[in-house]
Amino acid sequence: MLAALLLALLAGAPASAPDCSAAADPGLGPVDAPLELTVYLDPLSRDPVPPLALWIELRRLVSDHRGSLHVRIEPVATGMVRDPNTLALLRWFLAASEDGAQEAALRLLDRDGRDRLALRLARPGGAAALAAEIGRPTTTRPQLCLERRLEAAQLALRVQVQRAGGYLGRPPLFVLGDRLAFEDTVALERVRGEVSRELQRLHAGRPLPGRGSWPPSRPGVSLRLIRPPAAAGMLVGGVGLPHRLVLFVEHDEHPNLTNLAPVLEYRRQHPGQLAVQVIARGTTMAARQLRLRLCAAQKLGLELEYLRRLARDPMTRGLSAAEPIPLAERLDEAAEAHSCEQDEPELEPGPAGARGLPDGVWLDGTAVGQGDLEAIGVRIVGLEAAQRPLDAVFSAAAPAEL
């Protein structure tokens, strides 16, 4: 009689709240990394960027920084309507993420789309079928814990929007530490620049802590771009300097040239480390004029002065102190006096010629972007860490045409 009464009381007692601290989203990169990037992402929306493409780029970013960056992805809903199918799909994605299947879940969303996947999830046995498709067992995570996690992410996003005065756009939004959130494209150009600058500040220009005895690899390196022909274009700095930045441009107002200000500042602070080579590409009148001026600058010993002029914004180049004879005019006269050629034999077409090299900006044979140039010191530290001790010996012995 007493046992029956006790069972009745237990059955009528309210269930205890589930423990929601057992699981957490593993994110990307080591959790003990010195820098954490929080990404507020709507996995169900392809506007403004596809979530899978962004996730892959984030994974590449974490790989590039090799143990120094952790990315925590907070799934949020951007739509105004919170229908049951959307909430169920968000809970499914969050459970898959906490179980280490974030990429598989995003690939399934990218393939089927949110509407079709929501219908599949709502079918009898749908959760088990989707779990098997992404290679994970059916989640046992309490629904209440998943809903709390989603609510916490939505609240944190609202706080970020309030901190920014309400001027933030739609997710994805990025937050570094306690800074204000900001937007970016799928290429993560701004994110890369911000991460590089923050790591440079944290490590004060020192090499990042390594993991293991082997140096990191240098993917995407073109041997012909490590040291292109010294006679091509204009080379600022000696041919034997440890590092070389190569720019292929079509005219003297090319946007890549205006990104050189941090590079020039790095050269000022670290003399004897970095050479800059500007090579004019193309057969247009602007390209031929730039090729002549690059030649004339070398004939007159004005390479650095001309490089500084090219690095200025085209709208402000004429705002400097008046010159007795403008630099461009001096270079044009010198090009004629020194019989500079408009065509460079090193850039003749051919499968093995230098013209076959792709356009862009290259640092020691690796393609770099605006964010890399803004944090050129960190980029060079990473390249030096990737070189083995004998690399310098074999590089120096390589023929000059490489």
# chains A, B, ... in the order shown; residues from 1 in each chain; ligands from 1
call {"tool": "closest_atom_pairs", "arguments": {"of": "stretch 131-166 of chain A", "to": "stretch 53-73 of chain A", "cutoff": "12 Å", "atoms": "only C-alpha atoms", "output": "tab-separated table"}}
result
residue	atom	partner	partner_atom	distance
A:Arg149	CA	A:Ile73	CA	11.8
A:Leu150	CA	A:Ile73	CA	11.5
A:Ala153	CA	A:Ile73	CA	9.6
A:Leu157	CA	A:Ile73	CA	11.9
call {"tool": "write_last_selection", "arguments": {"atoms": "all heavy atoms", "output": "tab-separated table (two decimals), in the first residue's frame"}}
result
chain	number	residue	atom	x	y	z
A	149	ARG	N	19.53	26.75	-26.48
A	149	ARG	CA	20.72	27.18	-27.22
A	149	ARG	C	20.34	28.14	-28.34
A	149	ARG	O	21.00	29.16	-28.56
A	149	ARG	CB	21.42	25.94	-27.79
A	149	ARG	CG	22.56	26.23	-28.76
A	149	ARG	CD	23.83	26.69	-28.10
A	149	ARG	NE	24.82	27.08	-29.08
A	149	ARG	CZ	25.63	26.21	-29.69
A	149	ARG	NH1	25.57	24.92	-29.37
A	149	ARG	NH2	26.51	26.62	-30.57
A	150	LEU	N	19.26	27.83	-29.05
A	150	LEU	CA	18.82	28.72	-30.12
A	150	LEU	C	18.37	30.06	-29.56
A	150	LEU	O	18.67	31.13	-30.13
A	150	LEU	CB	17.68	28.06	-30.90
A	150	LEU	CG	18.06	26.83	-31.73
A	150	LEU	CD1	16.81	26.16	-32.28
A	150	LEU	CD2	18.99	27.23	-32.87
A	153	ALA	N	21.38	32.13	-28.66
A	153	ALA	CA	22.04	32.69	-29.85
A	153	ALA	C	21.26	33.89	-30.38
A	153	ALA	O	21.85	34.90	-30.76
A	153	ALA	CB	22.17	31.61	-30.92
A	157	LEU	N	22.63	37.73	-30.57
A	157	LEU	CA	22.60	38.49	-31.82
A	157	LEU	C	21.90	39.83	-31.62
A	157	LEU	O	22.36	40.86	-32.13
A	157	LEU	CB	21.91	37.67	-32.91
A	157	LEU	CG	21.76	38.36	-34.26
A	157	LEU	CD1	23.12	38.74	-34.84
A	157	LEU	CD2	21.00	37.47	-35.24
call {"tool": "residues_around", "arguments": {"residues": "A:Tyr40", "least_positions_apart": "3", "cutoff": "8 Å", "atoms": "only C-alpha atoms", "output": "PyMOL selection string"}}
result
chain A and resi 73-76+153+157+171-174
call {"tool": "write_last_selection", "arguments": {"atoms": "all heavy atoms", "output": "PDB file, in the first residue's frame"}}
result
ATOM      1  N   ILE A  73      30.308  28.791 -34.323  1.00  0.00           N
ATOM      2  CA  ILE A  73      29.177  29.122 -35.174  1.00  0.00           C
ATOM      3  C   ILE A  73      27.898  29.062 -34.359  1.00  0.00           C
ATOM      4  O   ILE A  73      27.595  28.028 -33.747  1.00  0.00           O
ATOM      5  CB  ILE A  73      29.097  28.170 -36.376  1.00  0.00           C
ATOM      6  CG1 ILE A  73      30.346  28.349 -37.252  1.00  0.00           C
ATOM      7  CG2 ILE A  73      27.835  28.415 -37.191  1.00  0.00           C
ATOM      8  CD1 ILE A  73      30.399  27.439 -38.446  1.00  0.00           C
ATOM      9  N   GLU A  74      27.181  30.162 -34.337  1.00  0.00           N
ATOM     10  CA  GLU A  74      25.917  30.264 -33.615  1.00  0.00           C
ATOM     11  C   GLU A  74      24.779  30.302 -34.635  1.00  0.00           C
ATOM     12  O   GLU A  74      24.600  31.291 -35.342  1.00  0.00           O
ATOM     13  CB  GLU A  74      25.878  31.508 -32.737  1.00  0.00           C
ATOM     14  CG  GLU A  74      26.855  31.491 -31.579  1.00  0.00           C
ATOM     15  CD  GLU A  74      26.444  30.502 -30.496  1.00  0.00           C
ATOM     16  OE1 GLU A  74      25.350  29.909 -30.596  1.00  0.00           O
ATOM     17  OE2 GLU A  74      27.225  30.320 -29.544  1.00  0.00           O
ATOM     18  N   PRO A  75      23.990  29.214 -34.752  1.00  0.00           N
ATOM     19  CA  PRO A  75      22.872  29.224 -35.712  1.00  0.00           C
ATOM     20  C   PRO A  75      21.727  30.097 -35.225  1.00  0.00           C
ATOM     21  O   PRO A  75      21.314  30.008 -34.063  1.00  0.00           O
ATOM     22  CB  PRO A  75      22.463  27.744 -35.785  1.00  0.00           C
ATOM     23  CG  PRO A  75      22.976  27.124 -34.544  1.00  0.00           C
ATOM     24  CD  PRO A  75      24.150  27.926 -34.073  1.00  0.00           C
ATOM     25  N   VAL A  76      21.250  30.952 -36.104  1.00  0.00           N
ATOM     26  CA  VAL A  76      20.140  31.849 -35.784  1.00  0.00           C
ATOM     27  C   VAL A  76      19.150  31.820 -36.930  1.00  0.00           C
ATOM     28  O   VAL A  76      19.459  31.369 -38.043  1.00  0.00           O
ATOM     29  CB  VAL A  76      20.628  33.299 -35.545  1.00  0.00           C
ATOM     30  CG1 VAL A  76      21.503  33.382 -34.302  1.00  0.00           C
ATOM     31  CG2 VAL A  76      21.389  33.820 -36.760  1.00  0.00           C
ATOM     32  N   ALA A 153      21.384  32.127 -28.661  1.00  0.00           N
ATOM     33  CA  ALA A 153      22.039  32.686 -29.848  1.00  0.00           C
ATOM     34  C   ALA A 153      21.260  33.886 -30.379  1.00  0.00           C
ATOM     35  O   ALA A 153      21.851  34.905 -30.764  1.00  0.00           O
ATOM     36  CB  ALA A 153      22.174  31.614 -30.920  1.00  0.00           C
ATOM     37  N   LEU A 157      22.625  37.728 -30.567  1.00  0.00           N
ATOM     38  CA  LEU A 157      22.600  38.490 -31.821  1.00  0.00           C
ATOM     39  C   LEU A 157      21.902  39.829 -31.623  1.00  0.00           C
ATOM     40  O   LEU A 157      22.363  40.861 -32.126  1.00  0.00           O
ATOM     41  CB  LEU A 157      21.912  37.671 -32.910  1.00  0.00           C
ATOM     42  CG  LEU A 157      21.764  38.359 -34.265  1.00  0.00           C
ATOM     43  CD1 LEU A 157      23.118  38.737 -34.836  1.00  0.00           C
ATOM     44  CD2 LEU A 157      21.003  37.467 -35.235  1.00  0.00           C
ATOM     45  N   PRO A 171      22.516  38.299 -40.966  1.00  0.00           N
ATOM     46  CA  PRO A 171      23.607  37.320 -40.862  1.00  0.00           C
ATOM     47  C   PRO A 171      23.953  36.765 -42.241  1.00  0.00           C
ATOM     48  O   PRO A 171      23.087  36.733 -43.129  1.00  0.00           O
ATOM     49  CB  PRO A 171      23.030  36.246 -39.946  1.00  0.00           C
ATOM     50  CG  PRO A 171      22.014  36.973 -39.126  1.00  0.00           C
ATOM     51  CD  PRO A 171      21.408  37.973 -40.074  1.00  0.00           C
ATOM     52  N   PRO A 172      25.207  36.343 -42.438  1.00  0.00           N
ATOM     53  CA  PRO A 172      26.210  36.100 -41.404  1.00  0.00           C
ATOM     54  C   PRO A 172      26.851  37.381 -40.870  1.00  0.00           C
ATOM     55  O   PRO A 172      27.180  38.283 -41.634  1.00  0.00           O
ATOM     56  CB  PRO A 172      27.247  35.228 -42.128  1.00  0.00           C
ATOM     57  CG  PRO A 172      27.111  35.616 -43.567  1.00  0.00           C
ATOM     58  CD  PRO A 172      25.665  35.916 -43.780  1.00  0.00           C
ATOM     59  N   LEU A 173      27.063  37.400 -39.548  1.00  0.00           N
ATOM     60  CA  LEU A 173      27.743  38.485 -38.867  1.00  0.00           C
ATOM     61  C   LEU A 173      28.903  37.888 -38.083  1.00  0.00           C
ATOM     62  O   LEU A 173      28.825  36.766 -37.582  1.00  0.00           O
ATOM     63  CB  LEU A 173      26.789  39.223 -37.931  1.00  0.00           C
ATOM     64  CG  LEU A 173      25.600  39.921 -38.610  1.00  0.00           C
ATOM     65  CD1 LEU A 173      24.636  40.450 -37.568  1.00  0.00           C
ATOM     66  CD2 LEU A 173      26.074  41.050 -39.526  1.00  0.00           C
ATOM     67  N   PHE A 174      29.968  38.659 -37.955  1.00  0.00           N
ATOM     68  CA  PHE A 174      31.211  38.145 -37.387  1.00  0.00           C
ATOM     69  C   PHE A 174      31.614  39.007 -36.191  1.00  0.00           C
ATOM     70  O   PHE A 174      31.543  40.237 -36.254  1.00  0.00           O
ATOM     71  CB  PHE A 174      32.321  38.149 -38.438  1.00  0.00           C
ATOM     72  CG  PHE A 174      31.934  37.432 -39.710  1.00  0.00           C
ATOM     73  CD1 PHE A 174      31.270  38.100 -40.737  1.00  0.00           C
ATOM     74  CD2 PHE A 174      32.214  36.093 -39.873  1.00  0.00           C
ATOM     75  CE1 PHE A 174      30.913  37.442 -41.897  1.00  0.00           C
ATOM     76  CE2 PHE A 174      31.850  35.416 -41.034  1.00  0.00           C
ATOM     77  CZ  PHE A 174      31.206  36.096 -42.046  1.00  0.00           C
TER      78      PHE A 174
END
call {"tool": "residues_around", "arguments": {"residues": "A:Leu87", "least_positions_apart": "2", "cutoff": "12 Å", "atoms": "only C-alpha atoms", "output": "mmCIF file with N, CA, C and O atoms, in the first residue's frame"}}
result
data_model
loop_
_atom_site.group_PDB
_atom_site.id
_atom_site.type_symbol
_atom_site.label_atom_id
_atom_site.label_comp_id
_atom_site.auth_asym_id
_atom_site.auth_seq_id
_atom_site.Cartn_x
_atom_site.Cartn_y
_atom_site.Cartn_z
ATOM 1 N N ASP A 42 22.637 31.923 -40.351
ATOM 2 C CA ASP A 42 21.344 31.281 -40.579
ATOM 3 C C ASP A 42 21.565 30.129 -41.550
ATOM 4 O O ASP A 42 21.735 30.347 -42.754
ATOM 5 N N PRO A 43 21.599 28.879 -41.060
ATOM 6 C CA PRO A 43 21.900 27.760 -41.959
ATOM 7 C C PRO A 43 20.787 27.470 -42.954
ATOM 8 O O PRO A 43 21.005 26.717 -43.911
ATOM 9 N N LEU A 44 19.611 28.055 -42.751
ATOM 10 C CA LEU A 44 18.476 27.778 -43.624
ATOM 11 C C LEU A 44 18.300 28.818 -44.714
ATOM 12 O O LEU A 44 17.392 28.705 -45.544
ATOM 13 N N PRO A 75 23.990 29.214 -34.752
ATOM 14 C CA PRO A 75 22.872 29.224 -35.712
ATOM 15 C C PRO A 75 21.727 30.097 -35.225
ATOM 16 O O PRO A 75 21.314 30.008 -34.063
ATOM 17 N N VAL A 76 21.250 30.952 -36.104
ATOM 18 C CA VAL A 76 20.140 31.849 -35.784
ATOM 19 C C VAL A 76 19.150 31.820 -36.930
ATOM 20 O O VAL A 76 19.459 31.369 -38.043
ATOM 21 N N ALA A 77 17.942 32.290 -36.658
ATOM 22 C CA ALA A 77 16.891 32.392 -37.678
ATOM 23 C C ALA A 77 16.710 33.856 -38.034
ATOM 24 O O ALA A 77 16.559 34.704 -37.153
ATOM 25 N N THR A 78 16.722 34.161 -39.339
ATOM 26 C CA THR A 78 16.593 35.547 -39.773
ATOM 27 C C THR A 78 15.177 35.898 -40.182
ATOM 28 O O THR A 78 14.836 37.058 -40.301
ATOM 29 N N GLY A 79 14.331 34.912 -40.434
ATOM 30 C CA GLY A 79 12.957 35.190 -40.836
ATOM 31 C C GLY A 79 12.113 35.678 -39.676
ATOM 32 O O GLY A 79 12.401 35.400 -38.505
ATOM 33 N N VAL A 81 8.885 34.845 -39.284
ATOM 34 C CA VAL A 81 7.930 33.809 -38.918
ATOM 35 C C VAL A 81 8.681 32.616 -38.340
ATOM 36 O O VAL A 81 9.616 32.116 -38.949
ATOM 37 N N ARG A 82 8.266 32.197 -37.139
ATOM 38 C CA ARG A 82 8.880 31.035 -36.492
ATOM 39 C C ARG A 82 7.913 29.858 -36.610
ATOM 40 O O ARG A 82 7.258 29.464 -35.642
ATOM 41 N N ASP A 83 7.779 29.283 -37.785
ATOM 42 C CA ASP A 83 6.859 28.170 -37.967
ATOM 43 C C ASP A 83 7.483 26.899 -37.401
ATOM 44 O O ASP A 83 8.712 26.795 -37.271
ATOM 45 N N PRO A 84 6.664 25.904 -37.062
ATOM 46 C CA PRO A 84 7.195 24.672 -36.449
ATOM 47 C C PRO A 84 8.234 23.963 -37.315
ATOM 48 O O PRO A 84 9.187 23.396 -36.788
ATOM 49 N N ASN A 85 8.042 23.959 -38.635
ATOM 50 C CA ASN A 85 8.999 23.270 -39.509
ATOM 51 C C ASN A 85 10.377 23.919 -39.454
ATOM 52 O O ASN A 85 11.405 23.242 -39.430
ATOM 53 N N LEU A 89 13.777 22.201 -38.000
ATOM 54 C CA LEU A 89 14.972 22.076 -38.831
ATOM 55 C C LEU A 89 16.180 22.719 -38.151
ATOM 56 O O LEU A 89 17.306 22.202 -38.228
ATOM 57 N N LEU A 90 15.960 23.842 -37.479
ATOM 58 C CA LEU A 90 17.054 24.470 -36.741
ATOM 59 C C LEU A 90 17.535 23.583 -35.598
ATOM 60 O O LEU A 90 18.741 23.463 -35.355
ATOM 61 N N ARG A 91 16.592 22.958 -34.897
ATOM 62 C CA ARG A 91 16.983 22.044 -33.815
ATOM 63 C C ARG A 91 17.772 20.857 -34.373
ATOM 64 O O ARG A 91 18.760 20.419 -33.781
ATOM 65 N N TRP A 92 17.326 20.343 -35.533
ATOM 66 C CA TRP A 92 18.050 19.235 -36.161
ATOM 67 C C TRP A 92 19.471 19.636 -36.540
ATOM 68 O O TRP A 92 20.425 18.904 -36.293
ATOM 69 N N PHE A 93 19.610 20.834 -37.118
ATOM 70 C CA PHE A 93 20.950 21.290 -37.500
ATOM 71 C C PHE A 93 21.835 21.476 -36.272
ATOM 72 O O PHE A 93 23.011 21.104 -36.279
ATOM 73 N N LEU A 94 21.278 22.049 -35.212
ATOM 74 C CA LEU A 94 22.069 22.284 -34.012
ATOM 75 C C LEU A 94 22.496 20.962 -33.371
ATOM 76 O O LEU A 94 23.630 20.818 -32.922
ATOM 77 N N ARG A 114 15.827 23.933 -47.829
ATOM 78 C CA ARG A 114 15.163 23.909 -46.528
ATOM 79 C C ARG A 114 13.761 23.321 -46.592
ATOM 80 O O ARG A 114 13.339 22.582 -45.704
ATOM 81 N N ALA A 118 12.787 20.011 -44.614
ATOM 82 C CA ALA A 118 11.795 20.121 -43.537
ATOM 83 C C ALA A 118 10.696 19.074 -43.705
ATOM 84 O O ALA A 118 10.232 18.477 -42.722
ATOM 85 N N LEU A 121 12.108 15.711 -42.680
ATOM 86 C CA LEU A 121 12.259 15.602 -41.235
ATOM 87 C C LEU A 121 10.918 15.366 -40.548
ATOM 88 O O LEU A 121 10.849 14.674 -39.516
ATOM 89 N N ALA A 122 9.829 15.931 -41.118
ATOM 90 C CA ALA A 122 8.515 15.828 -40.483
ATOM 91 C C ALA A 122 7.859 14.466 -40.715
ATOM 92 O O ALA A 122 6.886 14.123 -40.044
ATOM 93 N N GLN A 143 15.124 18.201 -26.404
ATOM 94 C CA GLN A 143 14.650 19.308 -27.239
ATOM 95 C C GLN A 143 14.729 20.634 -26.496
ATOM 96 O O GLN A 143 15.025 21.674 -27.099
ATOM 97 N N LEU A 146 18.164 22.154 -26.864
ATOM 98 C CA LEU A 146 18.385 22.724 -28.196
ATOM 99 C C LEU A 146 17.659 24.056 -28.329
ATOM 100 O O LEU A 146 18.199 25.014 -28.901
ATOM 101 N N GLU A 147 16.431 24.125 -27.807
ATOM 102 C CA GLU A 147 15.688 25.381 -27.896
ATOM 103 C C GLU A 147 16.342 26.477 -27.067
ATOM 104 O O GLU A 147 16.368 27.644 -27.478
ATOM 105 N N ARG A 148 16.882 26.121 -25.898
ATOM 106 C CA ARG A 148 17.585 27.119 -25.093
ATOM 107 C C ARG A 148 18.816 27.642 -25.815
ATOM 108 O O ARG A 148 19.141 28.826 -25.746
ATOM 109 N N LEU A 150 19.265 27.831 -29.052
ATOM 110 C CA LEU A 150 18.818 28.721 -30.121
ATOM 111 C C LEU A 150 18.369 30.064 -29.564
ATOM 112 O O LEU A 150 18.669 31.126 -30.134
ATOM 113 N N GLU A 151 17.640 30.050 -28.445
ATOM 114 C CA GLU A 151 17.196 31.305 -27.835
ATOM 115 C C GLU A 151 18.386 32.136 -27.367
ATOM 116 O O GLU A 151 18.399 33.368 -27.512
#
call {"tool": "atom_distance", "arguments": {"atom1": "atom CA of A:Leu290", "atom2": "atom CA of A:His251"}}
result
6.0 Å
call {"tool": "atom_distance", "arguments": {"atom1": "atom CA of A:Val378", "atom2": "atom CA of A:Ser196"}}
result
6.6 Å
call {"tool": "atom_distance", "arguments": {"atom1": "atom CA of A:Gly193", "atom2": "atom CA of A:Leu373"}}
result
8.6 Å
call {"tool": "select_by_dssp", "arguments": {"residues": "stretch 91-167 of chain A", "states": "alpha helix (DSSP H)", "output": "MDAnalysis selection string"}}
result
chainID A and resid 91:98 102:112 114:122 126:133 143:163
call {"tool": "residues_around", "arguments": {"residues": "A:Leu176", "least_positions_apart": "6", "cutoff": "12 Å", "atoms": "only C-alpha atoms", "output": "list of chain:residue names"}}
result
A:Pro34, A:Leu35, A:Glu36, A:Leu37, A:Thr38, A:Val39, A:Tyr40, A:Leu69, A:His70, A:Val71, A:Arg72, A:Gln160, A:Phe182, A:Glu183, A:Arg190, A:Val191, A:Arg192, A:Gly193, A:Glu194, A:Val195, A:Ser196, A:Arg197, A:Glu198, A:Leu199
call {"tool": "residues_around", "arguments": {"residues": "A:Leu310", "least_positions_apart": "5", "cutoff": "9 Å", "atoms": "only C-alpha atoms", "output": "list in words"}}
result
Asp252, Glu253, His254, Leu257, Thr258, Leu260, Glu305 and Arg317 of chain A
call {"tool": "write_last_selection", "arguments": {"atoms": "all heavy atoms", "output": "tab-separated table (two decimals), in the first residue's frame"}}
result
chain	number	residue	atom	x	y	z
A	252	ASP	N	48.64	52.28	-64.31
A	252	ASP	CA	49.17	52.85	-63.08
A	252	ASP	C	48.09	53.21	-62.05
A	252	ASP	O	48.41	53.71	-60.97
A	252	ASP	CB	50.03	54.08	-63.38
A	252	ASP	CG	49.25	55.19	-64.06
A	252	ASP	OD1	48.02	55.01	-64.30
A	252	ASP	OD2	49.84	56.25	-64.34
A	253	GLU	N	46.81	52.97	-62.36
A	253	GLU	CA	45.73	53.18	-61.40
A	253	GLU	C	45.09	51.86	-61.01
A	253	GLU	O	43.94	51.82	-60.55
A	253	GLU	CB	44.69	54.13	-61.98
A	253	GLU	CG	45.22	55.54	-62.21
A	253	GLU	CD	44.14	56.50	-62.67
A	253	GLU	OE1	42.97	56.06	-62.76
A	253	GLU	OE2	44.46	57.67	-62.95
A	254	HIS	N	45.82	50.77	-61.18
A	254	HIS	CA	45.28	49.46	-60.83
A	254	HIS	C	45.02	49.40	-59.32
A	254	HIS	O	45.83	49.87	-58.52
A	254	HIS	CB	46.28	48.36	-61.22
A	254	HIS	CG	45.68	46.99	-61.25
A	254	HIS	ND1	45.48	46.25	-60.11
A	254	HIS	CD2	45.22	46.24	-62.28
A	254	HIS	CE1	44.93	45.09	-60.44
A	254	HIS	NE2	44.76	45.05	-61.74
A	257	LEU	N	47.66	48.37	-56.64
A	257	LEU	CA	48.74	49.29	-56.27
A	257	LEU	C	48.39	50.10	-55.04
A	257	LEU	O	49.25	50.39	-54.21
A	257	LEU	CB	49.06	50.22	-57.45
A	257	LEU	CG	49.65	49.55	-58.69
A	257	LEU	CD1	49.69	50.53	-59.85
A	257	LEU	CD2	51.06	49.02	-58.40
A	258	THR	N	47.12	50.44	-54.87
A	258	THR	CA	46.72	51.25	-53.72
A	258	THR	C	46.73	50.46	-52.42
A	258	THR	O	46.57	51.03	-51.35
A	258	THR	CB	45.32	51.86	-53.94
A	258	THR	OG1	44.38	50.80	-54.14
A	258	THR	CG2	45.32	52.75	-55.17
A	260	LEU	N	49.37	48.93	-51.36
A	260	LEU	CA	50.78	48.77	-51.03
A	260	LEU	C	51.23	49.59	-49.83
A	260	LEU	O	52.38	49.45	-49.39
A	260	LEU	CB	51.64	49.14	-52.24
A	260	LEU	CG	51.69	48.11	-53.37
A	260	LEU	CD1	52.54	48.65	-54.52
A	260	LEU	CD2	52.25	46.79	-52.87
A	305	GLU	N	60.69	56.04	-55.15
A	305	GLU	CA	59.84	57.22	-55.23
A	305	GLU	C	58.64	56.97	-56.13
A	305	GLU	O	57.51	57.36	-55.80
A	305	GLU	CB	60.65	58.41	-55.76
A	305	GLU	CG	59.85	59.70	-55.81
A	305	GLU	CD	60.70	60.88	-56.27
A	305	GLU	OE1	61.94	60.73	-56.35
A	305	GLU	OE2	60.12	61.94	-56.55
A	317	ARG	N	46.88	61.80	-55.74
A	317	ARG	CA	48.27	61.90	-56.20
A	317	ARG	C	48.65	63.32	-56.55
A	317	ARG	O	49.79	63.73	-56.42
A	317	ARG	CB	48.48	60.99	-57.42
A	317	ARG	CG	48.49	59.52	-57.07
A	317	ARG	CD	48.65	58.65	-58.29
A	317	ARG	NE	48.47	57.24	-57.96
A	317	ARG	CZ	48.35	56.29	-58.85
A	317	ARG	NH1	48.39	56.58	-60.15
A	317	ARG	NH2	48.17	55.04	-58.47
call {"tool": "closest_residue", "arguments": {"among": "A:Gly233, A:Pro124, A:His243, A:Val263", "to": "A:Gln289", "atoms": "only C-alpha atoms"}}
result
A:Gly233
